[in-house]
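Here the structure comes first, spelled out in structure tokens, and everything after it is commentary.
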2 protein chains.
Amino acid sequence: MTATNLMARRDHLLGAGAPIFYERPVNIVRGEGVWLYDDSGRRYLDMYNNVPCVGHCHPHVVEAMHNQAQTLNVHSRYLNETVLDYAERLANLHADNLTSVVFTCTGTEANEVALEIARAVTGGRGFICSDSAYHGNSAEVSKFTRVSQQTDGEKAKEIRAFPFPQRYRSIQEGVSDAELAELYLVEVERAIDGLRTDGIPLAGMLVCSIFANEGLPSIPCEFMPRASEIVRGAGGLVIADEVQAGFCRTGDWWGYQTTGYVPDIVTMGKPMGNGMPVAGAAATSALVDEFRRKKRYFNTFAASPLQAAAGMAVIDVVENEDLASSVEQVGKYLRAELSKFQTSCEHLADVRGHGLFIGMEWVQDRESKRPDADGAGTVVNLLRERGFLIGSAGPLGNILKIRPPLVFAKEHADLFLTAFEECIGQVEYA
Amino acid sequence: MTATNLMARRDHLLGAGAPIFYERPVNIVRGEGVWLYDDSGRRYLDMYNNVPCVGHCHPHVVEAMHNQAQTLNVHSRYLNETVLDYAERLANLHADNLTSVVFTCTGTEANEVALEIARAVTGGRGFICSDSAYHGNSAEVSKFTRVSQQTDGEKAKEIRAFPFPQRYRSIQEGVSDAELAELYLVEVERAIDGLRTDGIPLAGMLVCSIFANEGLPSIPCEFMPRASEIVRGAGGLVIADEVQAGFCRTGDWWGYQTTGYVPDIVTMGKPMGNGMPVAGAAATSALVDEFRRKKRYFNTFAASPLQAAAGMAVIDVVENEDLASSVEQVGKYLRAELSKFQTSCEHLADVRGHGLFIGMEWVQDRESKRPDADGAGTVVNLLRERGFLIGSAGPLGNILKIRPPLVFAKEHADLFLTAFEECIGQVEYA
């Protein structure tokens, strides 16, 4: 079936407007490692997908899932050691305080649980978050999506946003890192004060540890540890959304290690099962016990032996293939090489990120810093035609987003760098 | 590890109070067909689990998942025919109007989507539901859980409950089926009026087609078609929660066929993937298009080729093994045989249900109809000791709940009937 016919069929069966990538969508039929293949056999270098973190169809994960699916897959109201083994392995990867896990199927559900834990424990209802956040698709979690842009006052009453910390489009130019942190911390306090003024007790702060949906900004070093102190001082809990930031994406196991703080609750998702739906929230035993005491939470498909088998196999591969080191090295190399193109390309500004999660501002010109989402889209589509799959992101839509499977190696980076240089040279400006 | 040590480990890793079954929890290590096996090799007849609907570890489903996991598993922003094939097969199982599908990972998420569709299309915010409903675990969907018992007026403002229709504990004794329907329909109108009085436009009604969590009551024949008319007449949409009722559980493909109505939106979940997390909402093309236009809904793990492969394999087995007929026959036999015990057992009242979903009221005595949740719990635990796994349910906790995999056969029913007769004879009353 042609791509056009397939799109028509898709519009009918999934609804017209179901999100899809690229001006000419790709009909993907096979995946292996960092490669995706379309129906004509053409291969694409996958530089977008964080879910298949150890590579598409990794044999160790496939095998572990197959063995478990043949043996047992049942809900969590029986005893099952496989699930406990997985919870323990996950907890051991975290800071000492995060010892208990509530499993879910999606990152959205993990954030739902985290909000409930914070509310159950503090008795508060109010949360603060960044003004360009995305934490999931449920009615409750959607309230955090670009909360400052919401017009319905009722909706956002319990949720207050602060401007996300960033160096490139910072609220004040020419200040030191420490001074910039202070300026943004004032905004955090302002958001908390807003809740206080309206008589809404604080439950906590929910942020992505590396502000991924905000466009992966460079944030002042002191911001996250100090913001956490402020939140705790006001009686709230700190929730780290590690759905994108976690699992060695940054070169550290967790984004909170990269941005230098320790959360009270952490949520995890996307890469956990290499494509198998696995997610969860981890916290101290005391917090999770209190949540269990107050809420009768049960999730049919979660904490299953199949989730656990897939999840443990992913951890096996990350550890056995030492992906943390590889991510750190390849990411550093790729960022450095990409930065060099800034000399010749006026539109490529602020190459930034951590590990194998890279953001690049695409602008009209570097003097004005005017964001150019259309130009970014052109680059993304030119690369797709050449067989390289990246994306765009950020509140202004102008951030080129590179986030390949963690097994992405230097040889793949080199292939990309050649194509990228050619593509950015082809973007035409009037 | 002993069960006691395992429980301590579980309390620590998953939180003390994570839901678990039976006074002596079972350490399950293997499943096959209708059987579950504990760590000592002892087998249990599974008469509770609807998720592994074609039987634990069914080889056709295991194989389909394995093949797909080896080939491709990626999110839905590319073209992929496997996902479209699955959407089409699902739609073809439904009433003519339900042609488009929004996939999710859990039933909760499917209900979130259904609520959003109804709100997006009608412009209303208000819903009506039964007073003993359970539709999921998110903040929004939890508002439907036993809404009439909620003390926080704010929470339930947009959601109004009507007493669920039932014959055994009906709101009026000694009336005809038609008269009883009328009495309950007045309550549906009252719930809608409550929203109208408070100036909250109606978005729709959300109900389980067979009122499973309400305890699987016998409902008047005319209730569901007439209630649907009333809701539509008031400008709302009818959402059928088929997460428990669907997939031949009742002997029909869908619960709404069993209770005689056609919904505008249907939600599906538990049995869809035989344990793989798959769920979704189906509706007309026009409704789903409107939802897509107004909401940028995306679900990372949903509408994946792995979900589709598991889902299609389940439909294959249900069709190839003609489970609909088997469910109808075995269910009818089991209900009839269970009814016979009522002659000798004063506590066993109102054996009811559809297909392989059976509810039995356990009461102090049949004259008073006083519900006896403790007695029901005793029966459940006695059966567990004998190797038969059932559950209890209902707003009063006194309904014995039998809901085995659909491959449960007459020979399994006979094993159970012998054990059940012995167990109910052992429940002691002062």
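Every chain in the structure tokens has a letter given in the order shown (A, B, ...), and although residue numbers restart at 1 in each chain, ligands are simply numbered from 1 in the order shown.
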All in-order C-alpha pairs, least squares, chain B moved onto chain A. Output the fitted coordinates as a compact mmCIF listing (two decimals) with C-alpha atoms, in the first residue's frame, please.
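And here is the file that came out, selection-v4.txt:
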```txt
# COMPACT_ATOMS: atom_id res chain seq x y z
CA MET B 1 0.01 0.05 0.00
CA THR B 2 1.39 3.48 -0.87
CA ALA B 3 2.19 5.95 1.92
CA THR B 4 -0.73 8.13 0.79
CA ASN B 5 -3.22 5.27 0.96
CA LEU B 6 -1.77 4.21 4.28
CA MET B 7 -2.24 7.72 5.66
CA ALA B 8 -5.88 7.71 4.57
CA ARG B 9 -6.39 4.34 6.22
CA ARG B 10 -4.65 5.63 9.36
CA ASP B 11 -6.78 8.79 9.46
CA HIS B 12 -9.88 6.63 9.34
CA LEU B 13 -8.82 4.00 11.89
CA LEU B 14 -6.90 6.13 14.42
CA GLY B 15 -8.57 9.49 13.77
CA ALA B 16 -7.42 12.28 11.48
CA GLY B 17 -4.73 14.23 13.28
CA ALA B 18 -3.23 11.37 15.28
CA PRO B 19 0.34 12.66 15.81
CA ILE B 20 2.83 11.63 13.11
CA PHE B 21 6.37 12.67 12.21
CA TYR B 22 7.80 14.25 9.04
CA GLU B 23 6.26 15.85 5.99
CA ARG B 24 6.61 12.47 4.31
CA PRO B 25 5.85 9.96 7.10
CA VAL B 26 7.99 6.84 7.19
CA ASN B 27 6.46 3.38 6.94
CA ILE B 28 8.62 1.51 9.45
CA VAL B 29 8.61 -2.30 9.28
CA ARG B 30 11.76 -3.40 11.12
CA GLY B 31 14.23 -2.22 13.74
CA GLU B 32 17.67 -3.41 14.82
CA GLY B 33 20.07 -1.61 17.15
CA VAL B 34 20.17 2.06 16.10
CA TRP B 35 18.57 1.34 12.72
CA LEU B 36 14.99 1.46 11.52
CA TYR B 37 13.96 0.06 8.11
CA ASP B 38 11.08 1.13 5.90
CA ASP B 39 8.95 -1.06 3.63
CA SER B 40 11.34 -0.57 0.70
CA GLY B 41 14.26 -1.86 2.76
CA ARG B 42 15.82 1.57 3.17
CA ARG B 43 17.49 2.12 6.52
CA TYR B 44 17.27 5.16 8.78
CA LEU B 45 19.63 6.05 11.60
CA ASP B 46 17.37 6.42 14.65
CA MET B 47 18.49 9.50 16.53
CA TYR B 48 15.16 10.19 18.20
CA ASN B 49 14.00 7.18 20.18
CA ASN B 50 14.81 6.90 23.86
CA VAL B 51 12.34 4.07 24.52
CA PRO B 52 14.38 1.32 22.78
CA CYS B 53 17.30 2.48 24.92
CA VAL B 54 19.49 -0.61 24.49
CA GLY B 55 18.69 -0.70 20.77
CA HIS B 56 15.69 -1.86 18.76
CA CYS B 57 14.86 -5.54 19.33
CA HIS B 58 17.86 -6.20 21.58
CA PRO B 59 18.13 -10.03 21.69
CA HIS B 60 18.73 -10.20 25.46
CA VAL B 61 15.53 -8.26 26.19
CA VAL B 62 13.53 -10.14 23.53
CA GLU B 63 14.68 -13.46 25.00
CA ALA B 64 13.92 -12.45 28.60
CA MET B 65 10.41 -11.37 27.62
CA HIS B 66 9.83 -14.54 25.65
CA ASN B 67 10.95 -16.77 28.51
CA GLN B 68 8.73 -14.94 30.97
CA ALA B 69 5.71 -14.82 28.63
CA GLN B 70 6.00 -18.61 28.28
CA THR B 71 6.17 -19.11 32.05
CA LEU B 72 3.93 -16.65 33.88
CA ASN B 73 2.38 -13.24 33.47
CA VAL B 74 -0.13 -12.33 36.10
CA HIS B 75 -1.23 -9.34 38.19
CA SER B 76 0.39 -8.37 41.47
CA ARG B 77 -2.07 -9.62 44.08
CA TYR B 78 -0.12 -12.85 44.46
CA LEU B 79 3.41 -13.21 45.77
CA ASN B 80 6.02 -13.21 43.02
CA GLU B 81 9.79 -13.03 43.49
CA THR B 82 10.56 -11.82 39.96
CA VAL B 83 8.73 -8.56 40.63
CA LEU B 84 10.48 -8.10 43.98
CA ASP B 85 13.88 -8.78 42.40
CA TYR B 86 13.19 -6.07 39.84
CA ALA B 87 12.00 -3.56 42.44
CA GLU B 88 15.19 -4.21 44.41
CA ARG B 89 17.45 -3.77 41.40
CA LEU B 90 15.74 -0.52 40.51
CA ALA B 91 15.96 0.79 44.07
CA ASN B 92 19.65 -0.09 44.22
CA LEU B 93 20.31 2.14 41.21
CA HIS B 94 18.88 5.12 43.09
CA ALA B 95 19.96 7.39 45.91
CA ASP B 96 19.79 5.66 49.31
CA ASN B 97 16.45 7.12 50.29
CA LEU B 98 14.48 5.77 47.32
CA THR B 99 13.85 2.17 48.38
CA SER B 100 10.22 1.39 47.52
CA VAL B 101 8.53 1.27 44.14
CA VAL B 102 4.93 1.63 42.94
CA PHE B 103 4.80 0.15 39.45
CA THR B 104 2.56 1.49 36.71
CA CYS B 105 2.33 1.03 32.94
CA THR B 106 3.08 4.55 31.71
CA GLY B 107 4.99 7.64 32.75
CA THR B 108 1.69 9.48 33.03
CA GLU B 109 0.50 6.91 35.55
CA ALA B 110 3.80 7.16 37.44
CA ASN B 111 3.32 10.91 37.74
CA GLU B 112 -0.30 10.37 38.86
CA VAL B 113 1.05 8.14 41.65
CA ALA B 114 3.77 10.64 42.60
CA LEU B 115 1.23 13.45 42.90
CA GLU B 116 -0.98 11.23 45.06
CA ILE B 117 1.94 10.26 47.29
CA ALA B 118 2.88 13.91 47.80
CA ARG B 119 -0.71 14.90 48.48
CA ALA B 120 -1.36 11.96 50.79
CA VAL B 121 1.78 12.60 52.83
CA THR B 122 1.77 16.40 53.07
CA GLY B 123 -1.97 16.95 53.17
CA GLY B 124 -1.38 19.75 50.67
CA ARG B 125 -2.94 20.03 47.21
CA GLY B 126 -0.70 22.61 45.54
CA PHE B 127 2.19 21.97 43.16
CA ILE B 128 4.73 24.09 41.42
CA CYS B 129 6.26 23.23 38.05
CA SER B 130 8.01 24.89 35.13
CA ASP B 131 6.04 27.06 32.73
CA SER B 132 6.82 24.84 29.73
CA ALA B 133 6.42 21.41 31.28
CA TYR B 134 4.94 18.21 29.93
CA HIS B 135 4.48 15.36 32.40
CA GLY B 136 1.80 13.24 30.75
CA ASN B 137 -1.59 12.96 29.11
CA SER B 138 -4.18 12.31 31.85
CA ALA B 139 -6.63 15.00 32.96
CA GLU B 140 -4.74 15.60 36.21
CA VAL B 141 -1.21 15.47 34.84
CA SER B 142 -2.20 17.54 31.78
CA LYS B 143 -2.81 20.42 34.17
CA PHE B 144 0.98 20.76 34.33
CA THR B 145 1.28 21.19 30.55
CA ARG B 146 2.31 24.76 29.87
CA VAL B 147 0.23 25.73 32.86
CA SER B 148 0.92 29.44 32.46
CA GLN B 149 -0.76 29.39 29.05
CA GLN B 150 -3.99 27.91 30.36
CA THR B 151 -6.91 30.27 30.25
CA ASP B 152 -9.21 28.32 32.55
CA GLY B 153 -8.33 29.64 36.01
CA GLU B 154 -10.18 26.77 37.67
CA LYS B 155 -7.99 24.16 36.03
CA ALA B 156 -4.67 25.53 37.14
CA LYS B 157 -5.73 26.73 40.58
CA GLU B 158 -3.65 24.16 42.45
CA ILE B 159 -0.71 24.33 40.06
CA ARG B 160 1.59 27.31 39.71
CA ALA B 161 4.41 27.69 37.24
CA PHE B 162 7.79 29.35 37.46
CA PRO B 163 9.83 30.32 34.37
CA PHE B 164 12.20 27.44 33.66
CA PRO B 165 15.85 28.23 34.33
CA GLN B 166 17.96 28.76 31.23
CA ARG B 167 21.15 30.46 30.16
CA TYR B 168 20.51 31.07 26.43
CA ARG B 169 17.27 33.04 26.75
CA SER B 170 17.81 33.96 30.39
CA ILE B 171 15.70 36.50 32.25
CA GLN B 172 18.80 38.66 32.66
CA GLU B 173 21.84 38.92 30.40
CA GLY B 174 25.46 39.14 31.48
CA VAL B 175 25.14 37.79 35.00
CA SER B 176 27.16 35.03 36.62
CA ASP B 177 25.89 31.49 37.01
CA ALA B 178 25.31 32.07 40.73
CA GLU B 179 23.44 35.30 40.12
CA LEU B 180 21.26 33.69 37.47
CA ALA B 181 20.39 30.87 39.87
CA GLU B 182 19.26 33.46 42.42
CA LEU B 183 17.03 35.20 39.89
CA TYR B 184 15.28 31.96 38.97
CA LEU B 185 15.00 30.88 42.61
CA VAL B 186 13.10 34.08 43.33
CA GLU B 187 10.60 32.87 40.72
CA VAL B 188 10.29 29.50 42.49
CA GLU B 189 9.52 31.34 45.73
CA ARG B 190 7.03 33.52 43.92
CA ALA B 191 5.17 30.45 42.65
CA ILE B 192 5.01 29.02 46.19
CA ASP B 193 3.86 32.36 47.54
CA GLY B 194 1.05 32.40 44.99
CA LEU B 195 -0.31 29.17 46.40
CA ARG B 196 0.13 30.42 49.97
CA THR B 197 -1.74 33.64 49.20
CA ASP B 198 -4.64 31.63 47.86
CA GLY B 199 -4.67 29.37 50.92
CA ILE B 200 -3.57 26.25 49.02
CA PRO B 201 -1.06 24.24 51.09
CA LEU B 202 1.97 23.08 49.14
CA ALA B 203 2.28 19.37 48.27
CA GLY B 204 5.46 19.68 46.22
CA MET B 205 7.34 20.46 43.06
CA LEU B 206 7.22 18.31 39.91
CA VAL B 207 10.02 18.87 37.41
CA CYS B 208 11.99 16.97 34.81
CA SER B 209 15.51 16.81 36.22
CA ILE B 210 16.98 18.14 32.97
CA PHE B 211 13.96 20.17 31.76
CA ALA B 212 13.75 18.07 28.61
CA ASN B 213 10.45 19.37 27.22
CA GLU B 214 11.53 22.90 28.01
CA GLY B 215 14.22 22.40 25.35
CA LEU B 216 17.02 20.99 27.48
CA PRO B 217 18.32 24.37 28.70
CA SER B 218 21.69 24.96 30.33
CA ILE B 219 20.63 25.65 33.90
CA PRO B 220 22.67 27.31 36.65
CA CYS B 221 24.51 24.72 38.78
CA GLU B 222 22.96 25.73 42.06
CA PHE B 223 19.41 25.89 40.82
CA MET B 224 18.12 22.38 41.44
CA PRO B 225 19.67 21.75 44.89
CA ARG B 226 18.57 25.20 46.08
CA ALA B 227 15.07 24.92 44.60
CA SER B 228 14.69 21.57 46.37
CA GLU B 229 15.64 23.18 49.69
CA ILE B 230 13.12 25.95 49.15
CA VAL B 231 10.33 23.48 48.36
CA ARG B 232 11.12 21.35 51.43
CA GLY B 233 11.38 24.47 53.56
CA ALA B 234 7.84 25.33 52.49
CA GLY B 235 6.58 21.87 53.48
CA GLY B 236 6.54 20.27 50.04
CA LEU B 237 8.14 17.19 48.50
CA VAL B 238 10.44 17.19 45.49
CA ILE B 239 9.34 14.95 42.61
CA ALA B 240 11.92 14.24 39.92
CA ASP B 241 10.34 13.25 36.61
CA GLU B 242 13.01 10.91 35.20
CA VAL B 243 10.79 9.50 32.46
CA GLN B 244 13.04 11.14 29.88
CA ALA B 245 16.08 12.03 31.98
CA GLY B 246 16.72 8.63 33.56
CA PHE B 247 18.41 5.36 32.57
CA CYS B 248 21.84 6.73 31.60
CA ARG B 249 20.43 9.16 29.07
CA THR B 250 22.69 11.88 30.49
CA GLY B 251 25.67 9.61 31.07
CA ASP B 252 24.64 9.39 34.74
CA TRP B 253 22.04 6.82 35.74
CA TRP B 254 19.64 9.60 36.68
CA GLY B 255 19.14 13.17 35.60
CA TYR B 256 19.03 14.27 39.23
CA GLN B 257 22.68 13.21 39.52
CA THR B 258 23.48 15.36 36.50
CA THR B 259 21.73 18.43 37.89
CA GLY B 260 22.93 17.82 41.44
CA TYR B 261 20.03 17.13 43.79
CA VAL B 262 18.24 14.25 45.49
CA PRO B 263 14.46 14.03 45.08
CA ASP B 264 11.93 12.68 47.60
CA ILE B 265 10.00 10.87 44.87
CA VAL B 266 11.22 9.85 41.44
CA THR B 267 9.13 8.81 38.46
CA MET B 268 10.42 6.57 35.68
CA GLY B 269 9.06 5.32 32.38
CA LYS B 270 9.98 5.32 28.71
CA PRO B 271 13.31 3.41 28.53
CA MET B 272 12.58 1.00 31.40
CA GLY B 273 11.30 -1.91 29.29
CA ASN B 274 12.90 -1.10 25.91
CA GLY B 275 9.36 -0.79 24.50
CA MET B 276 7.44 -3.01 26.90
CA PRO B 277 5.11 -0.71 28.86
CA VAL B 278 6.83 -0.36 32.25
CA ALA B 279 6.87 2.68 34.51
CA GLY B 280 6.78 3.52 38.20
CA ALA B 281 7.39 5.86 41.07
CA ALA B 282 10.04 5.27 43.75
CA ALA B 283 10.22 6.92 47.16
CA THR B 284 11.16 6.18 50.74
CA SER B 285 9.48 3.26 52.42
CA ALA B 286 7.71 5.66 54.76
CA LEU B 287 6.21 7.68 51.89
CA VAL B 288 5.05 4.62 49.96
CA ASP B 289 3.60 3.01 53.11
CA GLU B 290 1.63 6.16 53.82
CA PHE B 291 0.36 6.20 50.23
CA ARG B 292 -0.67 2.54 50.49
CA ARG B 293 -2.42 3.27 53.78
CA LYS B 294 -4.47 6.14 52.37
CA LYS B 295 -5.08 5.02 48.78
CA ARG B 296 -6.14 1.62 47.58
CA TYR B 297 -4.03 1.81 44.44
CA PHE B 298 -4.02 -1.13 42.09
CA ASN B 299 -2.84 -1.28 38.48
CA THR B 300 -3.88 -4.46 36.63
CA PHE B 301 -0.99 -4.77 34.16
CA ALA B 302 1.70 -3.29 36.42
CA ALA B 303 4.15 -5.04 38.76
CA SER B 304 3.73 -8.08 36.52
CA PRO B 305 6.43 -10.71 35.97
CA LEU B 306 6.55 -9.70 32.27
CA GLN B 307 7.29 -6.08 33.16
CA ALA B 308 9.93 -7.26 35.63
CA ALA B 309 11.62 -9.61 33.16
CA ALA B 310 11.84 -6.92 30.47
CA GLY B 311 12.97 -4.34 33.00
CA MET B 312 15.75 -6.49 34.46
CA ALA B 313 17.00 -7.42 31.01
CA VAL B 314 17.32 -3.73 30.16
CA ILE B 315 19.35 -3.08 33.31
CA ASP B 316 21.53 -6.10 32.44
CA VAL B 317 22.39 -4.66 29.05
CA VAL B 318 23.01 -1.13 30.31
CA GLU B 319 25.41 -2.56 32.89
CA ASN B 320 27.04 -5.30 30.81
CA GLU B 321 27.63 -3.08 27.80
CA ASP B 322 28.74 -0.19 30.06
CA LEU B 323 26.41 2.17 28.24
CA ALA B 324 26.89 4.94 30.80
CA SER B 325 30.52 5.43 29.71
CA SER B 326 29.67 5.11 26.05
CA VAL B 327 26.86 7.67 26.32
CA GLU B 328 29.15 10.11 28.08
CA GLN B 329 31.93 9.74 25.51
CA VAL B 330 29.86 9.69 22.34
CA GLY B 331 27.64 12.49 23.60
CA LYS B 332 30.62 14.69 24.40
CA TYR B 333 32.13 14.02 20.97
CA LEU B 334 28.88 14.71 19.14
CA ARG B 335 28.23 17.98 20.99
CA ALA B 336 31.77 19.17 20.37
CA GLU B 337 31.59 18.40 16.63
CA LEU B 338 28.15 19.98 16.29
CA SER B 339 29.41 23.13 18.01
CA LYS B 340 32.00 23.53 15.26
CA PHE B 341 29.26 24.07 12.65
CA GLN B 342 28.31 27.25 14.48
CA THR B 343 31.28 28.98 12.87
CA SER B 344 29.79 28.63 9.41
CA CYS B 345 26.07 28.44 10.23
CA GLU B 346 24.41 31.62 11.48
CA HIS B 347 21.25 29.71 12.46
CA LEU B 348 22.79 27.10 14.71
CA ALA B 349 22.94 28.58 18.20
CA ASP B 350 23.57 27.14 21.64
CA VAL B 351 24.47 23.48 21.16
CA ARG B 352 23.74 21.98 24.61
CA GLY B 353 22.59 18.98 26.57
CA HIS B 354 23.85 16.01 28.54
CA GLY B 355 25.12 12.65 27.35
CA LEU B 356 23.08 11.46 24.36
CA PHE B 357 20.38 14.09 24.75
CA ILE B 358 21.31 17.14 22.71
CA GLY B 359 19.35 20.30 22.01
CA MET B 360 20.31 22.98 19.49
CA GLU B 361 18.56 26.32 19.10
CA TRP B 362 17.71 27.09 15.49
CA VAL B 363 17.37 30.85 15.07
CA GLN B 364 16.86 33.44 12.36
CA ASP B 365 20.22 34.90 13.27
CA ARG B 366 22.39 34.75 16.32
CA GLU B 367 22.26 38.48 16.98
CA SER B 368 18.47 38.59 17.42
CA LYS B 369 18.19 34.99 18.74
CA ARG B 370 14.76 34.99 17.06
CA PRO B 371 13.53 31.38 17.20
CA ASP B 372 12.87 29.72 13.85
CA ALA B 373 10.60 26.73 14.22
CA ASP B 374 10.02 26.52 10.46
CA GLY B 375 13.73 26.40 9.80
CA ALA B 376 14.16 23.70 12.44
CA GLY B 377 11.35 21.74 10.77
CA THR B 378 13.09 22.06 7.42
CA VAL B 379 16.33 20.65 8.86
CA VAL B 380 14.43 17.73 10.45
CA ASN B 381 12.70 16.90 7.15
CA LEU B 382 15.87 17.25 5.07
CA LEU B 383 17.60 14.81 7.41
CA ARG B 384 14.68 12.38 7.17
CA GLU B 385 15.06 12.37 3.39
CA ARG B 386 18.73 11.49 3.86
CA GLY B 387 17.92 8.67 6.26
CA PHE B 388 18.49 10.34 9.64
CA LEU B 389 15.62 10.59 12.14
CA ILE B 390 15.75 13.46 14.61
CA GLY B 391 12.99 15.71 16.04
CA SER B 392 12.26 19.24 17.14
CA ALA B 393 11.04 20.39 20.54
CA GLY B 394 10.87 23.20 23.06
CA PRO B 395 8.20 25.77 23.93
CA LEU B 396 9.07 27.73 20.78
CA GLY B 397 9.37 24.63 18.58
CA ASN B 398 12.83 25.65 17.36
CA ILE B 399 15.07 23.23 19.27
CA LEU B 400 16.61 20.44 17.20
CA LYS B 401 16.38 17.38 19.41
CA ILE B 402 18.82 14.47 19.22
CA ARG B 403 18.11 11.53 21.54
CA PRO B 404 19.20 8.22 19.98
CA PRO B 405 19.17 4.77 21.60
CA LEU B 406 22.03 4.59 24.13
CA VAL B 407 23.93 2.14 21.90
CA PHE B 408 24.52 4.95 19.39
CA ALA B 409 28.28 4.93 18.75
CA LYS B 410 30.96 7.26 17.36
CA GLU B 411 30.68 5.71 13.90
CA HIS B 412 26.97 6.62 13.84
CA ALA B 413 27.78 10.13 15.05
CA ASP B 414 30.21 10.54 12.15
CA LEU B 415 27.61 9.45 9.59
CA PHE B 416 25.22 11.98 11.04
CA LEU B 417 27.71 14.85 11.18
CA THR B 418 28.36 14.60 7.43
CA ALA B 419 24.65 14.59 6.62
CA PHE B 420 23.88 17.35 9.11
CA GLU B 421 26.48 19.69 7.62
CA GLU B 422 25.00 19.21 4.18
CA CYS B 423 21.40 19.66 5.34
CA ILE B 424 21.93 22.86 7.30
CA GLY B 425 23.63 24.28 4.24
CA GLN B 426 20.46 23.67 2.23
CA VAL B 427 18.03 25.64 4.37
CA GLU B 428 17.15 28.68 2.32
CA TYR B 429 16.44 32.11 3.75
CA ALA B 430 14.95 35.03 1.87
```
To test your reading of the structure, identify every residue in range 259-393 of chain A that backbone DSSP assigns to alpha helix (DSSP H), and report it as number ranges by chain.
A: 285-294, 305-320, 323-340, 373-386
Residues of range 9-136 of chain B in strand (DSSP E or B), written as an MDAnalysis selection string:
chainID B and resid 27:33 35:38 43:46 56 79 100:104 126:130
